[in-house]
file data.tsv (TSV, C-alpha atoms and all ligand atoms)
chain	number	residue	atom	x	y	z
A	1	MET	CA	29.70	-15.28	9.84
A	2	GLU	CA	28.57	-12.40	7.65
A	3	ASN	CA	28.41	-8.97	9.26
A	4	VAL	CA	25.38	-6.71	8.94
A	5	LEU	CA	25.63	-3.06	9.99
A	6	VAL	CA	22.64	-2.14	12.15
A	7	THR	CA	22.26	1.58	12.74
A	8	GLY	CA	20.14	2.26	15.80
A	9	GLY	CA	20.91	-1.24	17.07
A	10	ALA	CA	20.70	0.05	20.66
A	11	GLY	CA	17.12	1.21	20.17
A	12	TYR	CA	13.78	-0.55	20.46
A	13	ILE	CA	13.36	-2.03	16.99
A	14	GLY	CA	17.10	-2.18	16.19
A	15	SER	CA	17.89	-4.29	19.27
A	16	HIS	CA	15.18	-6.80	18.34
A	17	ALA	CA	16.58	-6.84	14.78
A	18	CYS	CA	20.03	-7.68	16.15
A	19	LYS	CA	18.59	-10.66	17.99
A	20	ALA	CA	16.77	-11.85	14.86
A	21	LEU	CA	19.92	-11.44	12.75
A	22	LYS	CA	22.01	-13.41	15.23
A	23	THR	CA	19.38	-16.16	15.31
A	24	ALA	CA	19.50	-16.24	11.49
A	25	GLY	CA	23.29	-16.72	11.53
A	26	PHE	CA	24.52	-13.17	10.86
A	27	THR	CA	26.68	-10.98	13.09
A	28	PRO	CA	24.85	-7.72	13.81
A	29	VAL	CA	27.24	-4.76	14.23
A	30	THR	CA	25.45	-1.98	16.09
A	31	PHE	CA	26.24	1.61	15.11
A	32	ASP	CA	24.49	3.99	17.50
A	33	ASN	CA	25.15	7.40	19.07
A	34	LEU	CA	23.22	6.41	22.22
A	35	ALA	CA	21.21	9.64	22.03
A	36	THR	CA	18.04	7.61	22.53
A	37	GLY	CA	19.41	4.05	22.56
A	38	TRP	CA	20.77	1.96	25.43
A	39	ARG	CA	24.22	0.39	25.68
A	40	ASP	CA	22.62	-2.45	27.67
A	41	ALA	CA	20.40	-3.29	24.72
A	42	VAL	CA	23.42	-4.24	22.57
A	43	LYS	CA	23.65	-7.94	23.39
A	44	PHE	CA	23.98	-9.83	20.16
A	45	GLY	CA	27.12	-8.53	18.46
A	46	PRO	CA	29.80	-5.81	18.52
A	47	PHE	CA	29.04	-2.19	19.36
A	48	GLU	CA	30.49	0.84	17.59
A	49	GLN	CA	29.49	4.20	19.00
A	50	GLY	CA	29.14	6.94	16.42
A	51	ASP	CA	26.90	9.46	14.78
A	52	LEU	CA	25.38	9.07	11.32
A	53	GLN	CA	26.58	12.52	10.37
A	54	ASP	CA	30.20	11.58	11.09
A	55	ARG	CA	31.36	10.28	7.70
A	56	ALA	CA	34.92	9.48	8.85
A	57	ARG	CA	33.60	7.32	11.67
A	58	LEU	CA	31.21	5.52	9.30
A	59	ASP	CA	34.07	4.87	6.84
A	60	GLU	CA	36.13	3.39	9.68
A	61	VAL	CA	33.31	1.02	10.67
A	62	PHE	CA	32.59	-0.09	7.08
A	63	ASP	CA	36.31	-0.73	6.64
A	64	LYS	CA	36.61	-2.70	9.88
A	65	TYR	CA	33.60	-5.02	9.39
A	66	ARG	CA	33.01	-5.12	5.61
A	67	PRO	CA	29.25	-5.69	6.14
A	68	ILE	CA	27.26	-7.54	3.47
A	69	GLY	CA	24.33	-5.20	4.10
A	70	VAL	CA	22.96	-2.33	6.17
A	71	MET	CA	19.79	-2.22	8.25
A	72	HIS	CA	19.07	1.40	8.95
A	73	PHE	CA	16.90	2.05	12.00
A	74	ALA	CA	18.60	5.08	13.58
A	75	ALA	CA	16.19	8.00	13.45
A	76	LEU	CA	14.14	10.41	15.47
A	77	SER	CA	10.59	9.07	15.37
A	78	GLN	CA	8.15	11.16	17.37
A	79	VAL	CA	5.36	12.74	15.38
A	80	GLY	CA	4.64	15.46	17.96
A	81	GLU	CA	8.31	16.45	18.32
A	82	SER	CA	8.68	16.57	14.54
A	83	MET	CA	5.91	19.17	14.35
A	84	ALA	CA	7.56	21.34	17.00
A	85	GLU	CA	11.18	20.87	15.83
A	86	PRO	CA	11.17	19.99	12.11
A	87	GLY	CA	14.81	21.06	11.73
A	88	LEU	CA	15.88	18.21	13.99
A	89	TYR	CA	14.12	15.73	11.73
A	90	TRP	CA	15.49	17.05	8.46
A	91	ARG	CA	19.03	17.26	9.85
A	92	ASN	CA	19.17	14.03	11.81
A	93	ASN	CA	17.01	11.78	9.66
A	94	VAL	CA	17.62	13.07	6.15
A	95	SER	CA	21.17	14.41	6.35
A	96	GLY	CA	22.25	11.51	8.60
A	97	SER	CA	20.78	8.92	6.22
A	98	LEU	CA	22.36	10.59	3.20
A	99	THR	CA	25.78	10.41	4.87
A	100	LEU	CA	25.22	6.74	5.69
A	101	ILE	CA	24.05	5.90	2.16
A	102	GLU	CA	27.08	7.66	0.63
A	103	ALA	CA	29.41	5.81	2.99
A	104	ALA	CA	27.77	2.46	2.15
A	105	VAL	CA	28.09	3.02	-1.59
A	106	ALA	CA	31.72	4.17	-1.22
A	107	ALA	CA	32.46	0.98	0.73
A	108	GLY	CA	30.84	-1.16	-1.98
A	109	CYS	CA	28.06	-2.27	0.39
A	110	LYS	CA	25.02	-2.20	-1.87
A	111	ARG	CA	22.29	-3.94	0.11
A	112	PHE	CA	20.26	-1.55	2.18
A	113	VAL	CA	17.18	-2.28	4.33
A	114	PHE	CA	15.42	0.88	5.40
A	115	SER	CA	12.84	1.48	8.11
A	116	SER	CA	10.27	3.83	6.70
A	117	THR	CA	6.78	4.51	7.95
A	118	CYS	CA	3.08	4.59	7.14
A	119	ALA	CA	3.32	8.26	8.18
A	120	THR	CA	4.64	8.85	4.64
A	121	TYR	CA	1.08	8.22	3.36
A	122	GLY	CA	-0.54	10.93	5.47
A	123	ASP	CA	-4.25	11.28	6.15
A	124	GLN	CA	-6.16	9.63	3.30
A	125	ASP	CA	-9.78	9.04	4.23
A	126	ASN	CA	-11.28	5.77	3.03
A	127	VAL	CA	-8.25	4.87	1.00
A	128	VAL	CA	-6.65	1.45	1.23
A	129	LEU	CA	-2.99	2.10	1.94
A	130	ASN	CA	-0.95	-0.13	-0.28
A	131	GLU	CA	2.62	0.30	-1.46
A	132	SER	CA	1.60	2.26	-4.55
A	133	SER	CA	-0.67	4.68	-2.67
A	134	ALA	CA	0.28	8.34	-3.01
A	135	GLN	CA	2.48	9.71	-0.23
A	136	TYR	CA	1.31	12.97	1.32
A	137	PRO	CA	2.84	13.11	4.81
A	138	ILE	CA	1.22	15.56	7.23
A	139	ASN	CA	4.10	15.72	9.70
A	140	ALA	CA	7.84	16.35	9.45
A	141	TYR	CA	8.63	12.83	10.64
A	142	GLY	CA	6.77	11.30	7.67
A	143	ALA	CA	8.21	13.89	5.30
A	144	SER	CA	11.76	13.12	6.43
A	145	LYS	CA	11.23	9.39	5.82
A	146	ARG	CA	9.71	9.97	2.40
A	147	ALA	CA	12.73	12.08	1.45
A	148	ILE	CA	15.05	9.21	2.40
A	149	GLU	CA	13.01	6.84	0.22
A	150	ASP	CA	13.63	9.26	-2.68
A	151	ILE	CA	17.36	9.33	-1.94
A	152	LEU	CA	17.47	5.52	-2.05
A	153	ARG	CA	15.79	5.48	-5.48
A	154	ASP	CA	18.25	8.04	-6.83
A	155	PHE	CA	21.20	6.06	-5.46
A	156	GLU	CA	19.88	2.91	-7.05
A	157	ALA	CA	19.67	4.64	-10.43
A	158	ALA	CA	23.13	6.18	-10.13
A	159	HIS	CA	25.08	3.60	-8.11
A	160	GLY	CA	23.09	0.36	-8.16
A	161	LEU	CA	22.18	0.51	-4.45
A	162	GLN	CA	19.70	-2.35	-3.94
A	163	HIS	CA	17.21	-1.53	-1.21
A	164	VAL	CA	14.18	-2.84	0.58
A	165	ILE	CA	11.95	-0.17	2.10
A	166	PHE	CA	9.65	-1.26	4.93
A	167	ARG	CA	6.80	1.10	5.76
A	168	TYR	CA	5.89	0.24	9.32
A	169	PHE	CA	2.52	0.69	10.84
A	170	ASN	CA	2.49	0.86	14.70
A	171	VAL	CA	5.15	-1.32	16.28
A	172	ALA	CA	4.43	-2.81	19.70
A	173	GLY	CA	5.32	-5.70	22.04
A	174	ALA	CA	8.69	-7.00	23.19
A	175	ASP	CA	10.98	-10.00	22.94
A	176	PRO	CA	9.01	-12.85	24.60
A	177	GLU	CA	12.27	-14.05	26.22
A	178	GLY	CA	12.63	-10.66	27.90
A	179	GLU	CA	16.17	-9.94	26.62
A	180	VAL	CA	15.17	-6.65	24.96
A	181	GLY	CA	12.07	-4.47	24.96
A	182	GLU	CA	10.67	-1.00	24.48
A	183	PHE	CA	12.17	1.73	26.64
A	184	HIS	CA	12.09	5.32	25.45
A	185	GLN	CA	12.93	8.39	27.46
A	186	PRO	CA	10.73	10.31	27.19
A	187	GLU	CA	8.07	7.76	26.30
A	188	THR	CA	5.45	8.97	23.81
A	189	HIS	CA	3.89	5.74	22.50
A	190	LEU	CA	0.44	4.59	23.42
A	191	ILE	CA	0.97	1.05	24.75
A	192	PRO	CA	3.97	1.72	27.06
A	193	LEU	CA	2.26	4.87	28.34
A	194	MET	CA	-0.86	2.86	29.13
A	195	LEU	CA	1.18	0.26	31.00
A	196	ASP	CA	2.93	3.05	32.93
A	197	ALA	CA	-0.45	4.49	33.89
A	198	ILE	CA	-1.72	1.07	35.03
A	199	SER	CA	1.35	0.44	37.18
A	200	GLY	CA	1.28	3.94	38.67
A	201	LYS	CA	4.62	4.94	37.13
A	202	ARG	CA	2.91	7.99	35.73
A	203	ALA	CA	-0.40	9.80	36.00
A	204	ALA	CA	-3.41	9.01	33.84
A	205	LEU	CA	-2.99	8.51	30.11
A	206	THR	CA	-4.32	11.36	27.98
A	207	VAL	CA	-6.29	10.17	24.97
A	208	PHE	CA	-5.41	12.60	22.20
A	209	GLY	CA	-8.84	13.53	20.89
A	210	ASP	CA	-12.18	11.71	20.80
A	211	ASP	CA	-13.73	13.78	18.02
A	212	TYR	CA	-12.14	12.06	15.01
A	213	PRO	CA	-14.47	10.71	12.29
A	214	THR	CA	-14.13	7.09	13.50
A	215	PRO	CA	-16.77	4.87	15.14
A	216	ASP	CA	-15.71	5.78	18.70
A	217	GLY	CA	-14.06	9.12	17.91
A	218	THR	CA	-10.45	8.02	18.62
A	219	CYS	CA	-7.68	7.43	16.09
A	220	ILE	CA	-7.27	4.04	14.45
A	221	ARG	CA	-3.91	2.33	13.99
A	222	ASP	CA	-2.64	-1.02	12.72
A	223	TYR	CA	-0.36	-2.61	15.35
A	224	VAL	CA	2.39	-5.07	14.48
A	225	HIS	CA	4.57	-7.10	16.88
A	226	VAL	CA	8.21	-5.99	16.95
A	227	CYS	CA	9.40	-9.62	16.61
A	228	ASP	CA	7.29	-10.14	13.49
A	229	LEU	CA	8.52	-6.81	12.14
A	230	VAL	CA	12.20	-7.69	12.52
A	231	ASP	CA	11.64	-11.14	11.03
A	232	ALA	CA	10.50	-9.31	7.89
A	233	HIS	CA	13.81	-7.43	7.89
A	234	VAL	CA	15.79	-10.66	7.84
A	235	LEU	CA	13.61	-11.85	4.95
A	236	GLY	CA	14.26	-8.48	3.25
A	237	LEU	CA	18.01	-8.93	3.58
A	238	LYS	CA	17.78	-12.43	2.12
A	239	TRP	CA	15.62	-11.04	-0.70
A	240	LEU	CA	18.48	-8.67	-1.57
A	241	GLN	CA	21.07	-11.44	-1.24
A	242	ALA	CA	19.02	-13.40	-3.78
A	243	ASP	CA	19.25	-10.41	-6.16
A	244	LYS	CA	15.48	-9.95	-6.31
A	245	GLY	CA	15.81	-6.18	-6.68
A	246	SER	CA	14.62	-3.11	-4.81
A	247	ARG	CA	11.11	-3.31	-3.38
A	248	VAL	CA	8.76	-1.51	-0.97
A	249	PHE	CA	6.72	-3.48	1.58
A	250	ASN	CA	4.11	-2.32	4.08
A	251	LEU	CA	4.43	-4.03	7.45
A	252	GLY	CA	1.02	-4.10	9.09
A	253	THR	CA	-1.65	-6.70	9.70
A	254	GLY	CA	-4.54	-5.03	7.88
A	255	SER	CA	-6.58	-4.76	11.10
A	256	GLY	CA	-7.17	-1.37	12.68
A	257	PHE	CA	-7.80	-0.69	16.38
A	258	SER	CA	-8.92	2.58	17.94
A	259	VAL	CA	-7.23	4.06	21.00
A	260	ARG	CA	-10.29	3.06	23.02
A	261	GLU	CA	-10.08	-0.52	21.76
A	262	VAL	CA	-6.41	-0.67	22.77
A	263	LEU	CA	-7.41	0.56	26.24
A	264	ASP	CA	-10.06	-2.19	26.46
A	265	HIS	CA	-7.59	-4.89	25.41
A	266	SER	CA	-5.08	-3.65	27.98
A	267	ARG	CA	-7.64	-3.95	30.69
A	268	ALA	CA	-8.40	-7.50	29.59
A	269	VAL	CA	-4.70	-8.51	29.51
A	270	THR	CA	-3.61	-6.86	32.76
A	271	ASN	CA	-6.88	-7.17	34.66
A	272	GLN	CA	-6.54	-3.54	35.60
A	273	ARG	CA	-8.35	-0.44	34.46
A	274	VAL	CA	-6.22	2.09	32.57
A	275	PRO	CA	-6.55	5.49	34.29
A	276	HIS	CA	-7.17	7.93	31.45
A	277	GLU	CA	-8.68	11.24	30.50
A	278	ILE	CA	-9.65	12.81	27.19
A	279	GLY	CA	-7.42	15.61	25.92
A	280	PRO	CA	-7.09	17.64	22.73
A	281	ARG	CA	-5.87	16.21	19.44
A	282	ARG	CA	-2.09	15.91	18.99
A	283	PRO	CA	-0.83	17.97	16.04
A	284	GLY	CA	0.28	15.78	13.13
A	285	ASP	CA	-1.87	12.73	14.01
A	286	CYS	CA	-3.67	11.00	11.14
A	287	THR	CA	-7.23	9.76	11.71
A	288	LYS	CA	-6.65	6.23	10.46
A	289	LEU	CA	-3.59	4.30	9.30
A	290	VAL	CA	-4.23	0.69	8.34
A	291	SER	CA	-2.22	-1.37	5.89
A	292	GLY	CA	-4.21	-2.52	2.90
A	293	SER	CA	-1.68	-4.87	1.46
A	294	SER	CA	-0.37	-8.35	1.99
A	295	ARG	CA	2.59	-7.96	-0.37
A	296	ALA	CA	5.08	-8.90	2.38
A	297	VAL	CA	3.12	-12.07	3.10
A	298	GLU	CA	2.82	-13.02	-0.56
A	299	GLU	CA	6.28	-12.07	-1.83
A	300	LEU	CA	8.58	-12.35	1.19
A	301	GLY	CA	6.76	-15.24	2.81
A	302	TRP	CA	6.31	-13.14	5.96
A	303	ARG	CA	4.22	-14.75	8.72
A	304	PRO	CA	3.26	-12.17	11.37
A	305	GLU	CA	2.26	-14.75	13.95
A	306	ARG	CA	2.60	-12.75	17.19
A	307	SER	CA	0.73	-9.67	15.98
A	308	THR	CA	-2.55	-10.02	17.85
A	309	LEU	CA	-3.27	-7.04	20.09
A	310	GLN	CA	-3.59	-9.43	23.04
A	311	GLN	CA	-0.12	-10.96	22.42
A	312	MET	CA	1.55	-7.58	21.86
A	313	ILE	CA	0.14	-6.09	25.05
A	314	SER	CA	0.91	-9.26	26.99
A	315	ASP	CA	4.58	-9.32	25.83
A	316	ALA	CA	4.89	-5.58	26.49
A	317	TRP	CA	3.37	-6.04	29.95
A	318	ASN	CA	5.84	-8.83	30.84
A	319	TRP	CA	8.76	-6.67	29.72
A	320	HIS	CA	7.32	-3.67	31.53
A	321	GLN	CA	7.30	-5.58	34.80
A	322	THR	CA	10.75	-7.13	34.56
A	323	GLY	CA	12.93	-5.44	31.96
A	324	HIS	CA	14.79	-2.17	32.02
A	325	TYR	CA	18.07	-0.66	30.84
A	326	ALA	CA	20.68	1.54	32.39
A	327	LYS	CA	22.92	3.61	30.10
B	1	LIG	N1	-2.02	8.38	21.71
B	1	LIG	C1	-2.82	8.88	22.73
B	1	LIG	N2	-2.21	9.25	23.91
B	1	LIG	C2	-0.87	9.16	24.10
B	1	LIG	C3	-0.06	8.62	23.05
B	1	LIG	C4	-0.68	8.25	21.88
B	1	LIG	O1	-4.05	9.01	22.60
B	1	LIG	O2	-0.40	9.53	25.18
B	1	LIG	C5	-2.66	7.99	20.45
B	1	LIG	C6	-2.15	8.79	19.25
B	1	LIG	O3	-2.91	9.96	19.09
B	1	LIG	C7	-2.34	7.79	18.12
B	1	LIG	C8	-2.14	6.43	18.78
B	1	LIG	O4	-2.32	6.65	20.18
B	1	LIG	O5	-3.66	7.84	17.63
B	1	LIG	C9	-0.76	5.85	18.55
B	1	LIG	O6	0.21	6.85	18.87
B	1	LIG	P1	1.74	6.51	19.03
B	1	LIG	O7	2.43	7.77	19.52
B	1	LIG	O8	1.89	5.29	19.88
B	1	LIG	O9	2.21	6.11	17.57
B	1	LIG	P2	2.12	6.94	16.18
B	1	LIG	O10	0.79	6.57	15.58
B	1	LIG	O11	2.27	8.39	16.49
B	1	LIG	O12	3.26	6.38	15.40

call {"tool": "encode", "arguments": {"input": "data.tsv", "output": "structure tokens", "more": "lines below"}}
Ligand code: UDP
result
Amino acid sequence: MENVLVTGGAGYIGSHACKALKTAGFTPVTFDNLATGWRDAVKFGPFEQGDLQDRARLDEVFDKYRPIGVMHFAALSQVGESMAEPGLYWRNNVSGSLTLIEAAVAAGCKRFVFSSTCATYGDQDNVVLNESSAQYPINAYGASKRAIEDILRDFEAAHGLQHVIFRYFNVAGADPEGEVGEFHQPETHLIPLMLDAISGKRAALTVFGDDYPTPDGTCIRDYVHVCDLVDAHVLGLKWLQADKGSRVFNLGTGSGFSVREVLDHSRAVTNQRVPHEIGPRRPGDCTKLVSGSSRAVEELGWRPERSTLQQMISDAWNWHQTGHYAK
């Protein structure tokens, strides 16, 4: 079987990607420093502990497995933290990715699938966000991801590195079979925090601002199921294997939901009210991020079939009640 190097394979999206790769007949090799990932989440292939900034360790792993491609998920990804500690994001995300990209090119591994973000677009009122929209990130997280996109383009020009960039909108849900799911410590994302508040694991959810220029005053996001998202990654890898060239794809559904609408759907799915209060805006938050493109559907043949809000919350709720990891 062909090996694929999966950085961040012990994390939320990376672990689901490993399952999808295994199902598609590849061997996912997880490379993770376990700073935020979970050893227990590595279930579908070998595990190599290491840090992206450790070039010698990366060289060793490329040499051992000779992967046919890289899926690069490992990153810090909290908007709020990136505003408070931008240095962490530039060092870990940008410098770490650069080291990885250099190691991949040196090893002759020239297929690279990168997890980027809609946060690279920034706050663009009334603009349809498609892959050729301008990128004006308003937080260090988005800026760090945009910088990595630039590095990939330069490495393509200089070294022929073929890459697929996926700009994710808001990823939610969990493996319906319950093998892997979302578990961050600390948790900062809306849906798991809501489920924690419902089950009494933490106090009321704070809604970050209800004075945005949206119909109900709360921020609007485009939510996509983690299983649909990782399916797109497998299609992206196959796209590169078919020599179709470097390409950027948004991964969203095109439907936006406000924080209040997500709260209402959670109540409907769980039959329980979400204890919440209104707080101030969170620095770095965009008003509205909704994908305006179906390029992934049209060109990759992507079918995001689980990405209804109801299904995402229901899968997350099942995982929330049964799944957990220990280090
Ligand atoms: N949000 C919120 N309270 C929280 C966490 C998130 O109101 O405790 C809001 C946040 O302001 C944003 C949306 O929920 O509008 C999604 O935030 P999340 O952190 O899940 O993802 P992000 O959009 O930052 O990638």

call {"tool": "residues_near_ligand", "arguments": {"input": "data.tsv", "ligand": "ligand LIG 1 (chain B)", "cutoff": "7 Å", "atoms": "all atoms listed in the file", "output": "VMD selection string"}}
result
chain A and resid 78 to 79 170 188 to 191 193 205 to 209 218 to 221 259 281 to 282 285

call {"tool": "closest_residue", "arguments": {"input": "data.tsv", "among": "A:Gln272, A:Val224, A:Glu277, A:Ala232", "to": "Asp210 (chain A)", "atoms": "only C-alpha atoms"}}
result
A:Glu277

call {"tool": "residues_around", "arguments": {"input": "data.tsv", "residues": "region 55-61 of chain A", "least_positions_apart": "6", "cutoff": "8 Å", "atoms": "only C-alpha atoms", "output": "PyMOL selection string"}}
result
chain A and resi 48+99-100+103+107

call {"tool": "atom_distance", "arguments": {"input": "data.tsv", "atom1": "CA of Pro67 (chain A)", "atom2": "CA of Leu5 (chain A)"}}
result
5.9 Å

call {"tool": "closest_residue", "arguments": {"input": "data.tsv", "among": "A:Tyr65, A:Trp38, A:Phe73, A:Phe26", "to": "Gly14 (chain A)", "atoms": "all atoms listed in the file"}}
result
A:Phe73

call {"tool": "residues_around", "arguments": {"input": "data.tsv", "residues": "Ile68 (chain A)", "least_positions_apart": "2", "cutoff": "9 Å", "atoms": "all atoms listed in the file", "output": "list of chain:residue names"}}
result
A:Glu2, A:Asn3, A:Val4, A:Leu5, A:Arg66, A:Val70, A:Cys109, A:Lys110, A:Arg111, A:Gln241

call {"tool": "residues_around", "arguments": {"input": "data.tsv", "residues": "region 306-314 of chain A", "least_positions_apart": "4", "cutoff": "9 Å", "atoms": "only C-alpha atoms", "output": "MDAnalysis selection string"}}
result
chainID A and resid 172:174 191:192 195 223:228 252:253 257 262 265:266 268:270 318:319

call {"tool": "closest_residue", "arguments": {"input": "data.tsv", "among": "A:Gly292, A:Pro28, A:Gly80, A:Pro176", "to": "Lys43 (chain A)", "atoms": "all atoms listed in the file"}}
result
A:Pro28

call {"tool": "closest_residue", "arguments": {"input": "data.tsv", "among": "A:Gly160, A:Thr287, A:Val171, A:Lys238", "to": "Asp211 (chain A)", "atoms": "all atoms listed in the file"}}
result
A:Thr287

call {"tool": "closest_residue", "arguments": {"input": "data.tsv", "among": "A:Val180, A:Ala158, A:Leu88, A:Ala119", "to": "Gly37 (chain A)", "atoms": "all atoms listed in the file"}}
result
A:Val180

call {"tool": "closest_residue", "arguments": {"input": "data.tsv", "among": "A:Ala41, A:Leu21, A:Ala147, A:Val29", "to": "Glu182 (chain A)", "atoms": "only C-alpha atoms"}}
result
A:Ala41

call {"tool": "atom_distance", "arguments": {"input": "data.tsv", "atom1": "CA of Met71 (chain A)", "atom2": "CA of Thr7 (chain A)"}}
result
6.4 Å

call {"tool": "atom_distance", "arguments": {"input": "data.tsv", "atom1": "CA of Ala134 (chain A)", "atom2": "CA of Gly122 (chain A)"}}
result
8.9 Å

call {"tool": "residues_around", "arguments": {"input": "data.tsv", "residues": "Ser77 (chain A)", "least_positions_apart": "6", "cutoff": "10 Å", "atoms": "all atoms listed in the file", "output": "list in words"}}
result
Tyr89, Asn93, Thr117, Ala140, Tyr141, Gly142, Ser144, Lys145 and Thr188 of chain A

call {"tool": "residues_around", "arguments": {"input": "data.tsv", "residues": "Ala35 (chain A)", "least_positions_apart": "5", "cutoff": "12 Å", "atoms": "all atoms listed in the file", "output": "count of residues only"}}
result
16

call {"tool": "axis_aligned_box", "arguments": {"input": "data.tsv", "around": "region 303-318 of chain A", "padding_each_side": "4 Å", "output": "JSON"}}
result
{"center_x": 1.1, "center_y": -10.2, "center_z": 19.8, "size_x": 17.4, "size_y": 17.2, "size_z": 30.1}
